[in-house]
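Novice: Okay, so here is structure13.cif, and as you'll see once you scroll down, it has mmCIF, C-alpha atoms.
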data_coords
loop_
_atom_site.label_atom_id
_atom_site.label_comp_id
_atom_site.auth_asym_id
_atom_site.auth_seq_id
_atom_site.Cartn_x
_atom_site.Cartn_y
_atom_site.Cartn_z
CA SER C 1 20.46 18.33 19.55
CA GLN C 2 17.29 18.48 17.51
CA CYS C 3 16.39 21.52 15.45
CA ASP C 4 13.45 23.62 16.58
CA ARG C 5 10.43 23.87 14.30
CA VAL C 6 8.21 26.93 14.48
CA ALA C 7 5.72 27.98 11.82
CA LYS C 8 3.03 30.63 12.02
CA LEU C 9 0.38 30.06 9.40
CA ARG C 10 -2.32 32.44 8.33
CA PRO C 11 -5.77 31.46 6.98
CA VAL C 12 -5.84 30.16 3.42
CA THR C 13 -6.03 33.02 0.95
CA LYS C 14 -4.05 31.83 -2.07
CA SER C 15 -4.61 28.84 -4.33
CA THR C 16 -3.12 26.73 -7.08
CA ARG C 17 -4.59 24.41 -9.67
CA LEU C 18 -2.77 21.10 -9.92
CA ALA C 19 -3.07 18.94 -13.03
CA ALA C 20 -4.06 15.31 -12.52
CA SER C 21 -2.97 12.85 -15.17
CA ALA C 22 -4.05 9.66 -13.43
CA PRO C 23 -7.49 8.18 -14.18
CA GLU C 24 -10.40 9.93 -12.46
CA PRO C 25 -13.26 7.46 -11.99
CA ARG C 26 -15.78 10.16 -11.10
CA GLY C 27 -15.15 12.30 -14.13
CA GLU C 28 -13.81 15.82 -14.37
CA ARG C 29 -12.90 16.74 -10.79
CA ARG C 30 -9.30 17.83 -10.49
CA PRO C 31 -7.25 18.53 -7.37
CA GLY C 32 -5.65 21.70 -6.33
CA ARG C 33 -7.50 24.79 -5.18
CA GLY C 34 -7.30 26.09 -1.65
CA LEU C 35 -3.62 25.74 -0.81
CA GLY C 36 -2.35 28.46 1.47
CA PHE C 37 1.13 29.78 2.03
CA PRO C 38 2.67 30.99 5.28
CA ALA C 39 2.34 34.46 6.64
CA ILE C 40 5.10 36.98 6.06
CA GLY C 41 7.56 36.56 8.89
CA ALA C 42 6.85 32.86 9.46
CA THR C 43 9.87 31.07 10.83
CA VAL C 44 11.38 28.48 8.50
CA PRO C 45 12.76 25.56 10.54
CA ALA C 46 16.36 24.47 10.35
CA ALA C 47 17.17 21.78 7.81
CA GLN C 48 19.13 18.65 8.60
CA ASP C 49 22.50 18.31 6.93
CA GLY C 50 24.16 15.11 8.00
CA GLY C 51 24.56 15.18 11.74
CA GLY C 52 23.98 18.86 12.26
CA CYS C 53 21.46 21.57 11.49
CA VAL C 54 21.64 24.13 8.72
CA ASP C 55 19.48 27.19 9.22
CA TYR C 56 17.54 28.52 6.25
CA GLU C 57 17.02 32.22 6.67
CA THR C 58 13.37 33.20 6.69
CA LEU C 59 12.05 34.63 3.44
CA ASP C 60 11.65 38.37 3.72
CA GLU C 61 8.50 40.36 2.94
CA THR C 62 9.43 40.97 -0.69
CA GLU C 63 10.21 37.30 -1.23
CA TRP C 64 6.90 36.20 0.31
CA GLU C 65 5.12 38.62 -2.00
CA LYS C 66 6.87 36.98 -4.96
CA VAL C 67 5.81 33.57 -3.67
CA GLY C 68 2.26 34.89 -3.59
CA LYS C 69 2.59 36.01 -7.20
CA ILE C 70 3.68 32.51 -8.19
CA TRP C 71 0.54 31.01 -6.64
CA ASP C 72 -1.52 33.65 -8.45
CA HIS C 73 0.15 32.83 -11.76
CA LEU C 74 -0.55 29.12 -11.25
CA ASP C 75 -4.15 29.78 -10.29
CA GLU C 76 -4.66 31.75 -13.50
CA GLY C 77 -2.77 29.31 -15.73
CA ARG C 78 0.25 31.54 -16.39
CA LEU C 79 2.91 28.84 -16.22
CA GLU C 80 5.67 30.77 -17.96
CA ALA C 81 5.23 33.74 -15.62
CA ALA C 82 5.29 31.37 -12.63
CA ARG C 83 8.50 29.75 -13.86
CA LEU C 84 10.21 33.11 -14.40
CA GLU C 85 9.22 34.38 -10.95
CA LEU C 86 10.38 31.15 -9.35
CA ALA C 87 13.72 31.17 -11.23
CA GLY C 88 14.67 34.51 -9.73
CA LEU C 89 13.81 33.38 -6.22
CA THR C 90 15.62 30.05 -6.42
CA LYS C 91 18.74 31.75 -7.76
CA ALA C 92 18.85 33.93 -4.66
CA ARG C 93 17.72 31.18 -2.24
CA PRO C 94 18.82 27.81 -3.71
CA GLY C 95 17.34 24.82 -1.90
CA HIS C 96 15.04 26.85 0.34
CA PRO C 97 12.22 24.54 1.57
CA ASP C 98 9.41 27.00 0.89
CA LEU C 99 10.65 27.57 -2.65
CA ARG C 100 10.80 23.82 -3.19
CA ILE C 101 7.09 23.77 -2.37
CA VAL C 102 6.23 26.17 -5.18
CA GLU C 103 8.72 24.40 -7.46
CA ALA C 104 6.75 21.19 -6.88
CA ALA C 105 3.46 22.98 -7.54
CA VAL C 106 4.80 24.26 -10.87
CA ALA C 107 5.99 20.77 -11.79
CA LEU C 108 2.58 19.30 -11.03
CA GLU C 109 0.95 21.99 -13.13
CA GLU C 110 3.23 20.85 -15.96
CA SER C 111 2.22 17.20 -15.41
CA GLU C 112 5.69 16.32 -14.12
CA PRO C 113 4.99 14.39 -10.90
CA LYS C 114 8.48 12.84 -10.72
CA VAL C 115 10.03 16.31 -10.89
CA ALA C 116 7.63 17.41 -8.16
CA LEU C 117 8.71 14.53 -5.92
CA ASP C 118 12.35 15.44 -6.46
CA ALA C 119 11.63 19.01 -5.38
CA LEU C 120 9.64 17.89 -2.36
CA SER C 121 12.47 15.68 -1.13
CA GLY C 122 14.06 18.87 0.22
CA ALA C 123 10.87 20.56 1.38
CA GLU C 124 10.08 18.56 4.51
CA ARG C 125 10.82 21.59 6.67
CA SER C 126 8.73 24.07 4.75
CA ALA C 127 6.55 26.37 6.83
CA ASP C 128 3.26 24.63 5.98
CA PRO C 129 3.51 20.83 6.28
CA ALA C 130 -0.11 20.34 5.18
CA VAL C 131 0.68 21.78 1.75
CA PHE C 132 3.83 19.65 1.59
CA PHE C 133 1.90 16.43 2.23
CA HIS C 134 -0.92 17.43 -0.12
CA LEU C 135 1.46 18.12 -2.99
CA ARG C 136 3.30 14.86 -2.38
CA ALA C 137 -0.02 12.98 -2.26
CA THR C 138 -0.98 14.53 -5.59
CA ALA C 139 2.36 13.53 -7.15
CA HIS C 140 1.96 9.97 -5.90
CA TYR C 141 -1.59 9.87 -7.26
CA GLU C 142 -0.49 11.01 -10.70
CA LEU C 143 2.10 8.22 -10.68
CA ALA C 144 -0.66 5.70 -9.78
CA ARG C 145 0.91 5.12 -6.34
CA PHE C 146 -2.48 5.13 -4.68
CA GLU C 147 -1.46 3.78 -1.26
CA ALA C 148 1.25 6.43 -0.93
CA ALA C 149 -1.24 9.08 -2.10
CA ARG C 150 -3.73 7.93 0.52
CA ASP C 151 -1.12 8.01 3.29
CA ASP C 152 0.12 11.51 2.45
CA ALA C 153 -3.42 12.84 2.05
CA ASP C 154 -4.14 11.46 5.52
CA ARG C 155 -1.09 13.26 6.88
CA ALA C 156 -2.25 16.53 5.30
CA LEU C 157 -5.72 16.11 6.81
CA SER C 158 -4.31 15.34 10.26
CA ILE C 159 -2.75 18.82 10.15
CA ARG C 160 -5.52 20.68 8.32
CA PRO C 161 -8.83 18.75 8.51
CA ASP C 162 -10.63 21.35 6.41
CA MET C 163 -8.27 21.07 3.42
CA SER C 164 -10.67 20.32 0.59
CA ASP C 165 -7.89 19.42 -1.87
CA ALA C 166 -6.57 16.73 0.45
CA HIS C 167 -10.08 15.29 0.89
CA ASP C 168 -10.38 15.16 -2.90
CA VAL C 169 -7.06 13.37 -3.42
CA MET C 170 -7.91 10.99 -0.57
CA SER C 171 -11.29 10.25 -2.16
CA ARG C 172 -9.84 9.43 -5.56
CA ALA C 173 -7.02 7.33 -4.11
CA LEU C 174 -9.46 5.34 -1.99
CA GLU C 175 -11.67 4.74 -5.00
CA HIS C 176 -8.75 3.20 -6.85
CA LEU C 177 -7.98 1.12 -3.76
CA GLY C 178 -11.52 -0.25 -3.69
CA ASP C 179 -12.74 1.62 -0.60
CA ALA C 180 -16.00 2.98 -1.99
CA ASP C 181 -17.36 4.10 1.38
CA GLY C 182 -14.20 5.98 2.29
CA ALA C 183 -14.03 7.52 -1.15
CA ARG C 184 -17.62 8.73 -0.89
CA GLU C 185 -17.04 10.16 2.60
CA HIS C 186 -14.06 12.25 1.54
CA ALA C 187 -15.73 13.32 -1.70
CA GLU C 188 -18.63 14.63 0.37
CA GLU C 189 -16.22 16.43 2.71
CA ALA C 190 -14.54 18.14 -0.26
CA ALA C 191 -17.92 19.08 -1.72
CA ASP C 192 -19.12 20.49 1.60
CA LEU C 193 -16.00 22.62 1.92
CA GLU C 194 -15.85 23.82 -1.70
CA PRO C 195 -18.98 22.84 -3.62
CA GLU C 196 -18.04 24.86 -6.68
CA ASN C 197 -14.63 23.24 -7.01
CA PHE C 198 -15.52 19.70 -5.97
CA PRO C 199 -19.14 19.01 -6.93
CA LEU C 200 -20.47 15.53 -6.29
CA PRO C 201 -21.30 13.47 -9.39
CA LEU C 202 -24.95 13.25 -10.36
CA GLU C 203 -26.55 9.95 -9.38
CA VAL C 204 -28.87 8.55 -12.02
CA ALA C 205 -30.94 5.41 -11.55
CA ASP C 206 -30.23 2.56 -13.97
CA ASP C 207 -33.67 2.77 -15.61
CA GLU C 208 -33.31 6.52 -16.10
CA PHE C 209 -29.85 6.07 -17.58
CA ASP C 210 -31.11 3.37 -19.95
CA ALA C 211 -33.94 5.65 -21.05
CA VAL C 212 -31.52 8.47 -21.81
CA VAL C 213 -29.25 6.15 -23.80
CA ALA C 214 -32.17 4.70 -25.74
CA ALA C 215 -33.60 8.13 -26.60
#
Write out the structure in this file as structure tokens.

Specialist:
Amino acid sequence: SQCDRVAKLRPVTKSTRLAASAPEPRGERRPGRGLGFPAIGATVPAAQDGGGCVDYETLDETEWEKVGKIWDHLDEGRLEAARLELAGLTKARPGHPDLRIVEAAVALEESEPKVALDALSGAERSADPAVFFHLRATAHYELARFEAARDDADRALSIRPDMSDAHDVMSRALEHLGDADGAREHAEEAADLEPENFPLPLEVADDEFDAVVAA
């Protein structure tokens, strides 16, 4: 029999900043704000183990609060504090899908996309699949796997169309793949959703640019 999957998600209220080591053709925009985490009491689906199902017990209220602290630490650049908080959780709940999500986020913050992918390989059944696909898209992007980044960003957006981070990763991946129109469309979507975090690049006419350079 197949394992049931139930996840109750609340509106996005927490965020993380993810480092991007791959080339960014449009300049300084970086992926990562606006990632939510599940509500306290969300049901974590069973995980496959060979032919059967292994149930991961839902994180309790205290554990979800610690997960929230990890996102806060990442958002404010406190990597060491995030690692310490995560270490205590993973010791108590080794292999838990929702902890693998934050483990991947920490790895991306440390510019370790391969480590992030390793963590995400056990996070398929985390409570928020949009965050899972976004993080995996970001890891693929940082490894210059632009087609895989595009595909996972598309999966994230099919679940959460208003996820500005996923629009941003999609835009940058498409630009590397030569789809200028698609890249522009998703860049505009990200800018519309979070203009402060994903501003569009200034467009300067060639003659104006030449005049600035010559000055």

Novice: Name the residues in contact with Ser121 (chain C) at a cut-off of 10 Å, using only C-alpha atoms, excluding same-chain residues fewer than 6 positions from it; report them as a PyMOL selection string.

Specialist: chain C and resi 97+100-101+104+132+136

Novice: My list of candidates is C:Leu157, C:Val115, C:Leu177, C:Ala105. Which is closest to Asp75 (chain C) when distances are computed with all atoms listed in the file?

Specialist: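 So, comparing all the options, the nearest one is C:Ala105.
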
Novice: Could you tell me how far CA of Glu112 (chain C) lies from CA of Glu63 (chain C), in Å and to one decimal?

Specialist: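 Spanning CA of Glu112 (chain C) to CA of Glu63 (chain C) is a straight-line distance of 25.0 Å.
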
Novice: Just so the selection is clear, what residues does the PyMOL selection byres ((chain C and resi 102) around 10) cover here, as a list in words?

Specialist: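 That expression, the PyMOL selection byres ((chain C and resi 102) around 10), corresponds here to Thr16, Phe37, Val67, Gly68, Ile70, Trp71, Leu74, Ala82, Arg83, Leu86, Pro97, Asp98, Leu99, Arg100, Ile101, Glu103, Ala104, Ala105, Val106, Ala107, Leu108, Ala116, Ala119, Leu120, Ala123, Val131, Phe132 and Leu135 of chain C.
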
Novice: Which one of C:Lys114, C:His176, C:His96, C:His186 sits closest to Asp154 (chain C) if you count only C-alpha atoms?

Specialist: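 Smallest distance to Asp154 (chain C) is found for C:His186.
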
Novice: Rank nothing, just name the residue among C:Asp128, C:Glu85, C:Glu147, C:Glu109 nearest to Arg172 (chain C), using only C-alpha atoms.

Specialist: C:Glu147

Novice: Find the distance between CA of Asp118 (chain C) and CA of Phe133 (chain C) and write it in Å to one decimal.

Specialist: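 If I compute the distance from CA of Asp118 (chain C) to CA of Phe133 (chain C), I get 13.6 Å.
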
Novice: What is the distance, in Å and to one decimal place, between CA of Arg150 (chain C) and CA of Asp179 (chain C)?

Specialist: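 Atom-to-atom, CA of Arg150 (chain C) to CA of Asp179 (chain C), that is 11.1 Å.
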
Novice: Between C:Ala156, C:Ala191, C:Leu89, C:Ala149, which residue has the minimum interatomic distance to Leu174 (chain C), considering all atoms listed in the file?

Specialist: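 The shortest atom-to-atom distance to Leu174 (chain C) comes from C:Ala149.
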